[in-house]
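Heads up: the structure comes next, in structure tokens.
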Amino acid sequence: MYGKANPFSLPHCRQNLMSMPLQTVFDFHNEAPRDSRTSVLPIDESFPEEAANELAALESYNKHLYRPNTYLHKWWARRSGTTFRHILKQLVHEPGKRDFYEPGGLEGKIIFDPMMGGGTTLHEAIRMGANVAGIDIDPIPVLQAKASLSISTLRHKQVLFSQFLDTLRHELSSLYETACPSCRKKGETQFVLYALRRRCSCGEVLFLDDLLLRQNNGHPVNICHKCRGVFTGKEHECRDGSATPLMVKGTKQCERCHERFSDILDDRFSQRYVPLVIAGTCQKHGTFFKRVAKSDLEFLDRARGLAEEIDFTALQDFRVSEGPKSGDLLRRGIGTYPELFTPRQLLYLDASQRFLRQVSDRDRLWITLLVSTSLEFNSLLCGYKGRDIRRPGAIRHVFSHHAYSFPYTALENNPLFQKKTSGTLNRIFNDRVARAAEWALKPVETRIVGERRTKVPIVGEIDGGESVPDWQSLMNGKRKFFVAQGDSAYLNIPENIVDYVVTDPPYFDSVQYSDLSNFFRVWLRLFLPNEADWCYDVLGSAVSEGDVSGGRKYGDVLSRIWKVCFKALKRKTGRLVFTFHHWRHGAWAELTISLKRARFFLVNRYVVFSENPISVHILGLKSLKHDAILVLKPHTADKAGRQWPKPGVINSTDSHTFCRDCGTAIGWFLDSDFTEEEIRQEWKKLLGGDGSGKASG
Ligand SMILES: C[S@@+](CC[C@H](N)C(=O)[O-])C[C@H]1O[C@@H](n2cnc3c(N)ncnc32)[C@H](O)[C@@H]1O
Ligand SMILES: [Zn+2]
Ligand SMILES: [Zn+2]
Ligand SMILES: [Zn+2]
């Protein structure tokens with residue numbers, strides 16, 4: 001756990017419910033706010049919507065390239081860093097530092113994100129000189145922030161990474177040897193393609209997504225469905241047609257028995273796949289595709305024998321438990337997480353674990369995150385999307401669909417491959433550690449002038465700082481960060497300490513982050529047993545995880561979190577700023593109720609392009625492409641704010657107006673005396689739709 005004390009009033013680990021102290025661990029005495037003037041901030045009156053949209057559009061395709069230091073580990077629903085930099089710049093007092101391309105401006109301020117996720121707010125704010133605090137219920141964002149906000153020398157990391165790779169290669173690279181099909185000399189496997197076993201009454205068949213393996217500039221590489229031979233061009237001499245028939249995706253039933261093909265669920269997951277094709281490199285002949293040969297199968301058998309010696313499940317609980325997305329694994333007869341990996345992948349995990357036992361705590365953290373995030377490209381759930389000439393060897397990673405999907409053509413990548421191809425440790429280290437470290441010391445923004453884009457170094461900013469163990473330590477200095485894992489609804493936070501809360505709450509029924517991240521969490525827990533609370537209650541406390549209460553739980557948890565923010569904020573000058581979009585009246589109603597319970601009122605609302613548009617069909621609106629940015633103030637006795645007009649029926653034919661009007665409606669509801677039930681009814685009237693909260697049309 002981070003810090004010596006438990007900063008939560010209710011422990012988030014059920015097993016510890018009785019054993020942990022419930023009293024607050026902080027000794028703050030309701031101090032008066034440091035700055036009690038009622039002041040107007042730029043964000044109260046304006047927001048550069050157009051400039052923010054332009055940069056977010058550029059950033060959205062490849063966010064990790066624009067902010068590499070925020071992307072050490074996989075996390076979902078990340079927000080655009082430039083949008084959040086724009087938000088934070090509108091909170092800067094000093095006019096000379098308010099420009100997007102000027103360094104700093106938040107020195108002496110405390111910025112808090114109670115649902116920090118990928119850590120966008122924290123990274124952006126610390127760059128601008130603020131002291132920052134971030135909480136997340138899930139350990140992954142916390143571990144990631146801890147590692148990516150800590151400054152350390154790249155040289156040291158490079159040396160250690162080379163040692164790590166050398167150790168792994170020494171142990172494992174012989175298992176990835178393969179003979180070049182042209183010269184028979186020793187080559188290196190880049191990846192192996194597997195076919196899925198299925199069956200009908202006649203027996204077993206094998207399924208692939210496609211027989212075309214690669215469109216090679218007029219020399220396509222194919223696999224023969226009869227003999228499984230791999231050939232380039234059109235000419236192919238079939239050698240043997242007696243192998244198990246090879247089918248392609250879309251073939252529903254057997255031509256002979258007319259039975260529909262069914263999946264084989266009684267074998268172990270990794271045994272449901274058969275290796276067919278190897279892509280590798282030869283020093284002389286470059287990249288090749290070849291049929292898996294007998295000698296390759298011998299290597300795979302050797303790996304299987306070695307992997308049988310390791311029993312991860314004896315070390316800790318690796319069972320898959322029921323969850324909104326994990327249920328898909330259980331329904332497929334996958335009972336434990338190690339089953340999702342091939343023997344070589346398990347050997348890679350085992351060798352990594354042994355290496356990591358010997359390094360310092362600090363280094364173990366970032367290398368573990370690297371190994372964990374590499375699993376997204378190194379599991380048997382990876383698909384193949386390298387068919388297209390523009391995507392050499394591209395791996396369809398495990399969560400490309402934000403859910404578990406089970407490929408026909410599965411791809412086993414070689415994480416130790418010498419080149420920096422997708423999913424290799426070399427590539428991941430380069431992108432997420434080396435480039436990240438350079439960027440952190442010299443952050444760069446893009447300026448768009450007409451058709452031109454120029455890189456603007458933000459001299460003086462650093463994306464990182466010093467870790468501190470408690471809130472109190474945030475009161476002085478700059479670029480300090482306090483991150484902790486837990487349920488923000490039960491956070492013990494000193495009063496009147498935070499200048500601005502800038503966050504991005506989960507959107508009602510959005511991605512089930514915590515449930516999906518079990519895929520990584522079981523391994524992180526094995527490698528870092530003491531660094532987090534691994535037994536927290538995902539479904540009980542997360543704002544949005546498989547909610548069956550019709551949104552009431554969403555509103556309840558969120559209102560508790562907003563109350564914590566209300567308490568923490570400097571009463572007169574504090575602001576709560578967050579982004580939100582949803583098409584259901586139920587989502588807006590529960591959000592409104594949560595804010596009203598916590599006594600916030602709306603200062604202003606803006607609209608920016610959303611990086612995560614959702615397709616909907618309400619009235620004329622096809623998709624929701626925007627986010628509302630809501631700016632709120634804690635209610636004080638001398639509330640003298642803007643009065644929001646009563647909205648008419650909200651125009652839902654245009655995504656921009658929709659978000660803007662929903663923002664305005666929140667302002668009106670927060671000013672009103674409606675009961676919670678009335679708020680639900682009024683939202684329903686405003687947005688239309690049936691009582692279930694589902695939009696009509
Ligand atoms: C939409 S994400 C934030 C994304 C982030 N702004 C970014 O750009 O990466 C919301 C986060 O809220 C966290 N969360 C949900 N319920 C929580 C709770 N009760 N306490 C703390 N964090 C919670 C989730 O784990 C998730 O990481
Ligand atoms: Zn060769
Ligand atoms: Zn059949
Ligand atoms: Zn053939």
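Just so we're on the same page: first chain in the structure tokens is A, next is B, and so on; residues restart at 1 for each chain, and ligands are numbered from 1 in the order they show up.
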
Inset, instruction - Report as a list in words which protein, DNA and RNA residues come within 6 Å of ligand 3, using only C-alpha atoms and all ligand atoms. - result: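 Listed by chain and ascending number, the contacts are Cys200, Ser201, Cys202, Cys254, Arg256, Cys257 and Glu259 of chain A.
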
How about saving the chosen residues, all heavy atoms kept, as a PDB file, in the first residue's frame?
ATOM      1  N   CYS A 200     -17.587 -31.168 -36.247  1.00  0.00           N
ATOM      2  CA  CYS A 200     -18.943 -31.540 -36.656  1.00  0.00           C
ATOM      3  C   CYS A 200     -19.023 -33.059 -36.485  1.00  0.00           C
ATOM      4  O   CYS A 200     -18.069 -33.672 -35.998  1.00  0.00           O
ATOM      5  CB  CYS A 200     -19.207 -31.130 -38.108  1.00  0.00           C
ATOM      6  SG  CYS A 200     -18.167 -32.020 -39.279  1.00  0.00           S
ATOM      7  N   SER A 201     -20.102 -33.687 -36.923  1.00  0.00           N
ATOM      8  CA  SER A 201     -20.235 -35.147 -36.735  1.00  0.00           C
ATOM      9  C   SER A 201     -19.132 -35.933 -37.424  1.00  0.00           C
ATOM     10  O   SER A 201     -18.762 -37.018 -36.976  1.00  0.00           O
ATOM     11  CB  SER A 201     -21.560 -35.643 -37.312  1.00  0.00           C
ATOM     12  OG  SER A 201     -22.603 -35.054 -36.647  1.00  0.00           O
ATOM     13  N   CYS A 202     -18.608 -35.376 -38.541  1.00  0.00           N
ATOM     14  CA  CYS A 202     -17.573 -36.112 -39.276  1.00  0.00           C
ATOM     15  C   CYS A 202     -16.236 -36.098 -38.540  1.00  0.00           C
ATOM     16  O   CYS A 202     -15.373 -36.913 -38.837  1.00  0.00           O
ATOM     17  CB  CYS A 202     -17.334 -35.520 -40.656  1.00  0.00           C
ATOM     18  SG  CYS A 202     -18.796 -35.009 -41.516  1.00  0.00           S
ATOM     19  N   CYS A 254     -20.997 -28.006 -42.083  1.00  0.00           N
ATOM     20  CA  CYS A 254     -20.216 -28.996 -42.825  1.00  0.00           C
ATOM     21  C   CYS A 254     -20.967 -29.373 -44.107  1.00  0.00           C
ATOM     22  O   CYS A 254     -22.177 -29.581 -44.082  1.00  0.00           O
ATOM     23  CB  CYS A 254     -20.022 -30.213 -41.927  1.00  0.00           C
ATOM     24  SG  CYS A 254     -19.351 -31.627 -42.798  1.00  0.00           S
ATOM     25  N   ARG A 256     -20.668 -32.100 -45.726  1.00  0.00           N
ATOM     26  CA  ARG A 256     -21.025 -33.525 -45.770  1.00  0.00           C
ATOM     27  C   ARG A 256     -22.183 -33.856 -44.826  1.00  0.00           C
ATOM     28  O   ARG A 256     -23.200 -34.378 -45.236  1.00  0.00           O
ATOM     29  CB  ARG A 256     -19.802 -34.372 -45.400  1.00  0.00           C
ATOM     30  CG  ARG A 256     -19.004 -34.771 -46.655  1.00  0.00           C
ATOM     31  CD  ARG A 256     -18.084 -35.915 -46.353  1.00  0.00           C
ATOM     32  NE  ARG A 256     -16.945 -35.451 -45.564  1.00  0.00           N
ATOM     33  CZ  ARG A 256     -16.135 -36.239 -44.902  1.00  0.00           C
ATOM     34  NH1 ARG A 256     -16.334 -37.548 -44.895  1.00  0.00           N
ATOM     35  NH2 ARG A 256     -15.128 -35.750 -44.230  1.00  0.00           N
ATOM     36  N   CYS A 257     -22.038 -33.504 -43.547  1.00  0.00           N
ATOM     37  CA  CYS A 257     -23.086 -33.901 -42.593  1.00  0.00           C
ATOM     38  C   CYS A 257     -24.106 -32.784 -42.349  1.00  0.00           C
ATOM     39  O   CYS A 257     -25.080 -32.968 -41.643  1.00  0.00           O
ATOM     40  CB  CYS A 257     -22.472 -34.349 -41.272  1.00  0.00           C
ATOM     41  SG  CYS A 257     -21.713 -33.011 -40.332  1.00  0.00           S
ATOM     42  N   GLU A 259     -24.089 -30.431 -40.517  1.00  0.00           N
ATOM     43  CA  GLU A 259     -24.169 -29.991 -39.118  1.00  0.00           C
ATOM     44  C   GLU A 259     -23.392 -28.687 -38.968  1.00  0.00           C
ATOM     45  O   GLU A 259     -22.397 -28.472 -39.666  1.00  0.00           O
ATOM     46  CB  GLU A 259     -23.528 -31.063 -38.246  1.00  0.00           C
ATOM     47  CG  GLU A 259     -23.885 -30.936 -36.780  1.00  0.00           C
ATOM     48  CD  GLU A 259     -23.237 -32.066 -35.975  1.00  0.00           C
ATOM     49  OE1 GLU A 259     -23.672 -33.229 -36.148  1.00  0.00           O
ATOM     50  OE2 GLU A 259     -22.291 -31.782 -35.241  1.00  0.00           O
TER      51      GLU A 259
END

Inset, instruction - Select from region 479-643 of chain A everything DSSP, run on the backbone, classes as strand (DSSP E or B), then give the selection as a PyMOL selection string. - result: chain A and resi 480-485+491+498+500-503+536+569+575-580+600-618+621-634

Inset, instruction - Please check which protein, DNA or RNA residues sit within 9 Å of ligand 2, counting only C-alpha atoms and all ligand atoms, and write them as a ChimeraX atom specification. - result: /A:179-187,281-288

Inset, instruction - Would you list the contacts of region 453-459 of chain A as a list in words, taking every protein, DNA or RNA residue within 7 Å and counting only C-alpha atoms, but skipping same-chain residues closer than 4 positions in sequence? - result: Tyr101, Glu102, Pro103, Lys442, Pro443, Val444, Glu445, Thr446, Arg447, Ile448 and Val449 of chain A

Can you write just those residues out, N, CA, C and O atoms, as a PDB file, in the first residue's frame?
ATOM      1  N   TYR A 101       0.917  27.364 -25.153  1.00  0.00           N
ATOM      2  CA  TYR A 101       2.326  27.056 -25.448  1.00  0.00           C
ATOM      3  C   TYR A 101       3.302  27.672 -24.442  1.00  0.00           C
ATOM      4  O   TYR A 101       4.505  27.547 -24.592  1.00  0.00           O
ATOM      5  N   GLU A 102       2.769  28.370 -23.436  1.00  0.00           N
ATOM      6  CA  GLU A 102       3.623  28.913 -22.380  1.00  0.00           C
ATOM      7  C   GLU A 102       3.820  27.850 -21.305  1.00  0.00           C
ATOM      8  O   GLU A 102       2.881  27.122 -20.989  1.00  0.00           O
ATOM      9  N   PRO A 103       5.017  27.752 -20.729  1.00  0.00           N
ATOM     10  CA  PRO A 103       5.204  26.770 -19.656  1.00  0.00           C
ATOM     11  C   PRO A 103       4.539  27.207 -18.345  1.00  0.00           C
ATOM     12  O   PRO A 103       4.401  28.395 -18.079  1.00  0.00           O
ATOM     13  N   LYS A 442      11.611  16.910 -21.818  1.00  0.00           N
ATOM     14  CA  LYS A 442      11.473  17.968 -22.818  1.00  0.00           C
ATOM     15  C   LYS A 442      10.133  17.842 -23.524  1.00  0.00           C
ATOM     16  O   LYS A 442      10.069  17.441 -24.691  1.00  0.00           O
ATOM     17  N   PRO A 443       9.061  18.167 -22.830  1.00  0.00           N
ATOM     18  CA  PRO A 443       7.745  18.007 -23.463  1.00  0.00           C
ATOM     19  C   PRO A 443       7.586  18.933 -24.674  1.00  0.00           C
ATOM     20  O   PRO A 443       8.144  20.028 -24.700  1.00  0.00           O
ATOM     21  N   VAL A 444       6.853  18.443 -25.640  1.00  0.00           N
ATOM     22  CA  VAL A 444       6.676  19.175 -26.891  1.00  0.00           C
ATOM     23  C   VAL A 444       5.183  19.223 -27.216  1.00  0.00           C
ATOM     24  O   VAL A 444       4.481  18.244 -27.002  1.00  0.00           O
ATOM     25  N   GLU A 445       4.712  20.366 -27.698  1.00  0.00           N
ATOM     26  CA  GLU A 445       3.324  20.459 -28.171  1.00  0.00           C
ATOM     27  C   GLU A 445       3.330  20.719 -29.677  1.00  0.00           C
ATOM     28  O   GLU A 445       4.337  21.156 -30.229  1.00  0.00           O
ATOM     29  N   THR A 446       2.199  20.471 -30.310  1.00  0.00           N
ATOM     30  CA  THR A 446       2.100  20.721 -31.742  1.00  0.00           C
ATOM     31  C   THR A 446       1.292  21.993 -31.961  1.00  0.00           C
ATOM     32  O   THR A 446       0.264  22.193 -31.322  1.00  0.00           O
ATOM     33  N   ARG A 447       1.797  22.822 -32.880  1.00  0.00           N
ATOM     34  CA  ARG A 447       1.029  24.020 -33.230  1.00  0.00           C
ATOM     35  C   ARG A 447       0.535  23.843 -34.665  1.00  0.00           C
ATOM     36  O   ARG A 447       1.292  23.422 -35.539  1.00  0.00           O
ATOM     37  N   ILE A 448      -0.740  24.110 -34.883  1.00  0.00           N
ATOM     38  CA  ILE A 448      -1.292  23.964 -36.224  1.00  0.00           C
ATOM     39  C   ILE A 448      -1.547  25.359 -36.786  1.00  0.00           C
ATOM     40  O   ILE A 448      -2.297  26.147 -36.202  1.00  0.00           O
ATOM     41  N   VAL A 449      -0.877  25.664 -37.879  1.00  0.00           N
ATOM     42  CA  VAL A 449      -1.140  26.942 -38.548  1.00  0.00           C
ATOM     43  C   VAL A 449      -1.490  26.617 -39.997  1.00  0.00           C
ATOM     44  O   VAL A 449      -0.635  26.189 -40.757  1.00  0.00           O
TER      45      VAL A 449
END

Inset, instruction - Pick out the closest residue to Ala489 (chain A) from this set: A:Gly555, A:Gly586, A:Pro139, A:Gly386. Count only C-alpha atoms. - result: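 Among A:Gly555, A:Gly586, A:Pro139, A:Gly386, it is A:Gly555 that comes nearest to Ala489 (chain A).
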
Inset, instruction - Return as a PyMOL selection string the residues of protein, DNA or RNA that approach ligand 1 to within 8 Å, with only C-alpha atoms and all ligand atoms taken into account. - result: chain A and resi 75-81+114-121+135-138+141+485-489+503-507+513-514+541-544+557-558+561

Legend entry - Residue with smallest distance to Leu370 (chain A) - pool A:Phe580, A:Phe164, A:Tyr337, A:Tyr194, counting only C-alpha atoms: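 Nearest to Leu370 (chain A): A:Phe164.
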
Taking only C-alpha atoms and all ligand atoms and a cut-off of 10 Å, can you tell me which residues surround ligand 4, written as a PDB file with N, CA and C atoms, in the first residue's frame?
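The resulting file, selection04.pdb, is reproduced below:
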ATOM      1  N   ILE A 223      -2.015 -19.813 -47.634  1.00  0.00           N
ATOM      2  CA  ILE A 223      -1.857 -21.171 -47.106  1.00  0.00           C
ATOM      3  C   ILE A 223      -2.866 -22.046 -47.856  1.00  0.00           C
ATOM      4  N   CYS A 224      -2.442 -23.236 -48.256  1.00  0.00           N
ATOM      5  CA  CYS A 224      -3.329 -24.124 -49.025  1.00  0.00           C
ATOM      6  C   CYS A 224      -4.301 -24.809 -48.070  1.00  0.00           C
ATOM      7  N   HIS A 225      -5.597 -24.786 -48.412  1.00  0.00           N
ATOM      8  CA  HIS A 225      -6.576 -25.352 -47.479  1.00  0.00           C
ATOM      9  C   HIS A 225      -6.542 -26.879 -47.483  1.00  0.00           C
ATOM     10  N   LYS A 226      -5.859 -27.461 -48.495  1.00  0.00           N
ATOM     11  CA  LYS A 226      -5.800 -28.936 -48.528  1.00  0.00           C
ATOM     12  C   LYS A 226      -4.570 -29.460 -47.790  1.00  0.00           C
ATOM     13  N   CYS A 227      -3.381 -28.968 -48.217  1.00  0.00           N
ATOM     14  CA  CYS A 227      -2.157 -29.559 -47.661  1.00  0.00           C
ATOM     15  C   CYS A 227      -1.489 -28.666 -46.613  1.00  0.00           C
ATOM     16  N   ARG A 228      -2.033 -27.452 -46.402  1.00  0.00           N
ATOM     17  CA  ARG A 228      -1.481 -26.481 -45.441  1.00  0.00           C
ATOM     18  C   ARG A 228      -0.119 -25.940 -45.856  1.00  0.00           C
ATOM     19  N   GLY A 229       0.262 -26.187 -47.094  1.00  0.00           N
ATOM     20  CA  GLY A 229       1.522 -25.626 -47.581  1.00  0.00           C
ATOM     21  C   GLY A 229       1.396 -24.113 -47.698  1.00  0.00           C
ATOM     22  N   VAL A 230       2.495 -23.396 -47.396  1.00  0.00           N
ATOM     23  CA  VAL A 230       2.499 -21.936 -47.515  1.00  0.00           C
ATOM     24  C   VAL A 230       3.190 -21.595 -48.820  1.00  0.00           C
ATOM     25  N   PHE A 231       2.531 -20.810 -49.684  1.00  0.00           N
ATOM     26  CA  PHE A 231       3.129 -20.533 -50.999  1.00  0.00           C
ATOM     27  C   PHE A 231       2.933 -19.076 -51.398  1.00  0.00           C
ATOM     28  N   HIS A 236       0.923 -23.396 -57.028  1.00  0.00           N
ATOM     29  CA  HIS A 236       1.129 -24.216 -55.835  1.00  0.00           C
ATOM     30  C   HIS A 236       0.914 -25.675 -56.185  1.00  0.00           C
ATOM     31  N   GLU A 237       1.870 -26.498 -55.830  1.00  0.00           N
ATOM     32  CA  GLU A 237       1.750 -27.926 -56.082  1.00  0.00           C
ATOM     33  C   GLU A 237       1.323 -28.607 -54.797  1.00  0.00           C
ATOM     34  N   CYS A 238       0.140 -29.148 -54.797  1.00  0.00           N
ATOM     35  CA  CYS A 238      -0.383 -29.729 -53.566  1.00  0.00           C
ATOM     36  C   CYS A 238       0.338 -31.039 -53.271  1.00  0.00           C
ATOM     37  N   ARG A 239       0.820 -31.164 -52.019  1.00  0.00           N
ATOM     38  CA  ARG A 239       1.624 -32.336 -51.715  1.00  0.00           C
ATOM     39  C   ARG A 239       0.810 -33.444 -51.059  1.00  0.00           C
ATOM     40  N   ASP A 240      -0.128 -33.041 -50.226  1.00  0.00           N
ATOM     41  CA  ASP A 240      -0.802 -34.064 -49.435  1.00  0.00           C
ATOM     42  C   ASP A 240      -2.141 -33.486 -48.992  1.00  0.00           C
ATOM     43  N   GLY A 241      -3.201 -34.130 -49.339  1.00  0.00           N
ATOM     44  CA  GLY A 241      -4.511 -33.567 -49.013  1.00  0.00           C
ATOM     45  C   GLY A 241      -5.176 -34.276 -47.858  1.00  0.00           C
TER      46      GLY A 241
END

Inset, instruction - Determine, counting only C-alpha atoms, which protein, DNA and RNA residues have an atom within 6 Å of an atom of region 465-474 of chain A; residues of the same chain fewer than 6 positions away are not included. Present the result as a list in words. - result: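 Near neighbours after the sequence-gap exclusion: Gly3, Asn131, Leu149, Ser150, Lys480, Phe481 and Phe482 of chain A.
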